[in-house]
Amino acid sequence: MDDHSQTDHGGNVDAFSTTEKIARAEGQLEDGLFPQEREIAEKYFSAGESVLDLGCGAGRTTVQLVDGGLDVVAVDVSEPMVEAARSLTGDAALGIADATRLPFADNSFDNVLFSYNGLDYPYPATERLRALSEIWRVLNPNGTFAFSSHNTWYTLPALVSDWGFLRKFYLAPENRDRSSRRYKVDRRDRIALETYFSNPLHQWRQLRGAGFRLEAVIGKRDSPLRFFERGLYYVARPV
């Protein structure tokens, strides 16, 4: 399964292979599934089904999916991250793979999970669209695709309650000329990480163009206020 022909994605691959990033991912293992992910797994995935855990990192989601009785294949673009996951992920099959060039046959999986905003890091935007095309290809026609993404609509509540977010993504020198652009620079561990910002309307349109229908938008809250949260989970199915 290992595929060493990954695209660099503007240096984003390097950002997920730093010692600091791996240590942070390992530190999140005890968190298990986030509440939104648990809701998705319980509502849309069934025991015995296959799941492609894209961007598995150190195995936070992988371990929980295996424990839930799912047949899990877990991949990450970062070889050091996959190595960190090997001793922790139980019965899951592990490998190195780029979401834009998946080494799997058509209709291979009942479900695909791309957690922790992983879809926001293929760069440029054509690579994000290529990842969506690849996910559509490897998902069976009745399958479920769930993923999370940064949300531009969070800018509105941030004007009142989160100036740190505004300083980082709109006022920092490297982002001042990007206010209307989808990609913002998220500087982490000395690396400038190109990060895509979506929103529910934009994501609905993008999914539709990639051959999916949007099934649900899941946040920390059930009310319409969830549409203005910093990050959202989306559930989609092939048309």
# chains A, B, ... in the order shown; residues from 1 in each chain; ligands from 1

call {"tool": "select_by_dssp", "arguments": {"residues": "segment 162-236 of chain A", "states": "alpha helix (DSSP H)", "output": "list in words"}}
result
Trp163, Gly164, Phe165, Leu166, Pro200, Leu201, His202, Gln203, Trp204, Arg205, Gln206, Leu207, Arg208 and Gly209 of chain A

call {"tool": "closest_atom_pairs", "arguments": {"of": "segment 99-166 of chain A", "to": "segment 216-228 of chain A", "cutoff": "9 Å", "atoms": "only C-alpha atoms", "output": "tab-separated table"}}
result
residue	atom	partner	partner_atom	distance
A:Asn151	CA	A:Phe228	CA	7.3
A:Thr152	CA	A:Phe228	CA	8.2
A:Trp153	CA	A:Phe228	CA	5.2
A:Tyr154	CA	A:Phe228	CA	4.7
A:Thr155	CA	A:Phe228	CA	8.0
A:Leu156	CA	A:Phe228	CA	7.5
A:Pro157	CA	A:Phe228	CA	7.2

call {"tool": "write_last_selection", "arguments": {"atoms": "N, CA and C atoms", "output": "PDB file, in the first residue's frame"}}
result
ATOM      1  N   ASN A 151     -13.930  27.093   8.556  1.00  0.00           N
ATOM      2  CA  ASN A 151     -15.170  27.764   8.180  1.00  0.00           C
ATOM      3  C   ASN A 151     -14.981  29.276   8.145  1.00  0.00           C
ATOM      4  N   THR A 152     -15.101  29.889   6.969  1.00  0.00           N
ATOM      5  CA  THR A 152     -14.962  31.345   6.862  1.00  0.00           C
ATOM      6  C   THR A 152     -16.072  32.081   7.598  1.00  0.00           C
ATOM      7  N   TRP A 153     -17.231  31.453   7.769  1.00  0.00           N
ATOM      8  CA  TRP A 153     -18.329  32.136   8.453  1.00  0.00           C
ATOM      9  C   TRP A 153     -18.039  32.362   9.933  1.00  0.00           C
ATOM     10  N   TYR A 154     -17.021  31.695  10.457  1.00  0.00           N
ATOM     11  CA  TYR A 154     -16.630  31.922  11.843  1.00  0.00           C
ATOM     12  C   TYR A 154     -16.069  33.330  12.029  1.00  0.00           C
ATOM     13  N   THR A 155     -15.692  33.987  10.951  1.00  0.00           N
ATOM     14  CA  THR A 155     -15.166  35.347  11.047  1.00  0.00           C
ATOM     15  C   THR A 155     -16.147  36.276  11.749  1.00  0.00           C
ATOM     16  N   LEU A 156     -17.440  36.063  11.560  1.00  0.00           N
ATOM     17  CA  LEU A 156     -18.444  36.951  12.170  1.00  0.00           C
ATOM     18  C   LEU A 156     -18.427  36.877  13.694  1.00  0.00           C
ATOM     19  N   PRO A 157     -18.584  35.708  14.317  1.00  0.00           N
ATOM     20  CA  PRO A 157     -18.479  35.682  15.774  1.00  0.00           C
ATOM     21  C   PRO A 157     -17.077  36.022  16.268  1.00  0.00           C
TER      22      PRO A 157
END
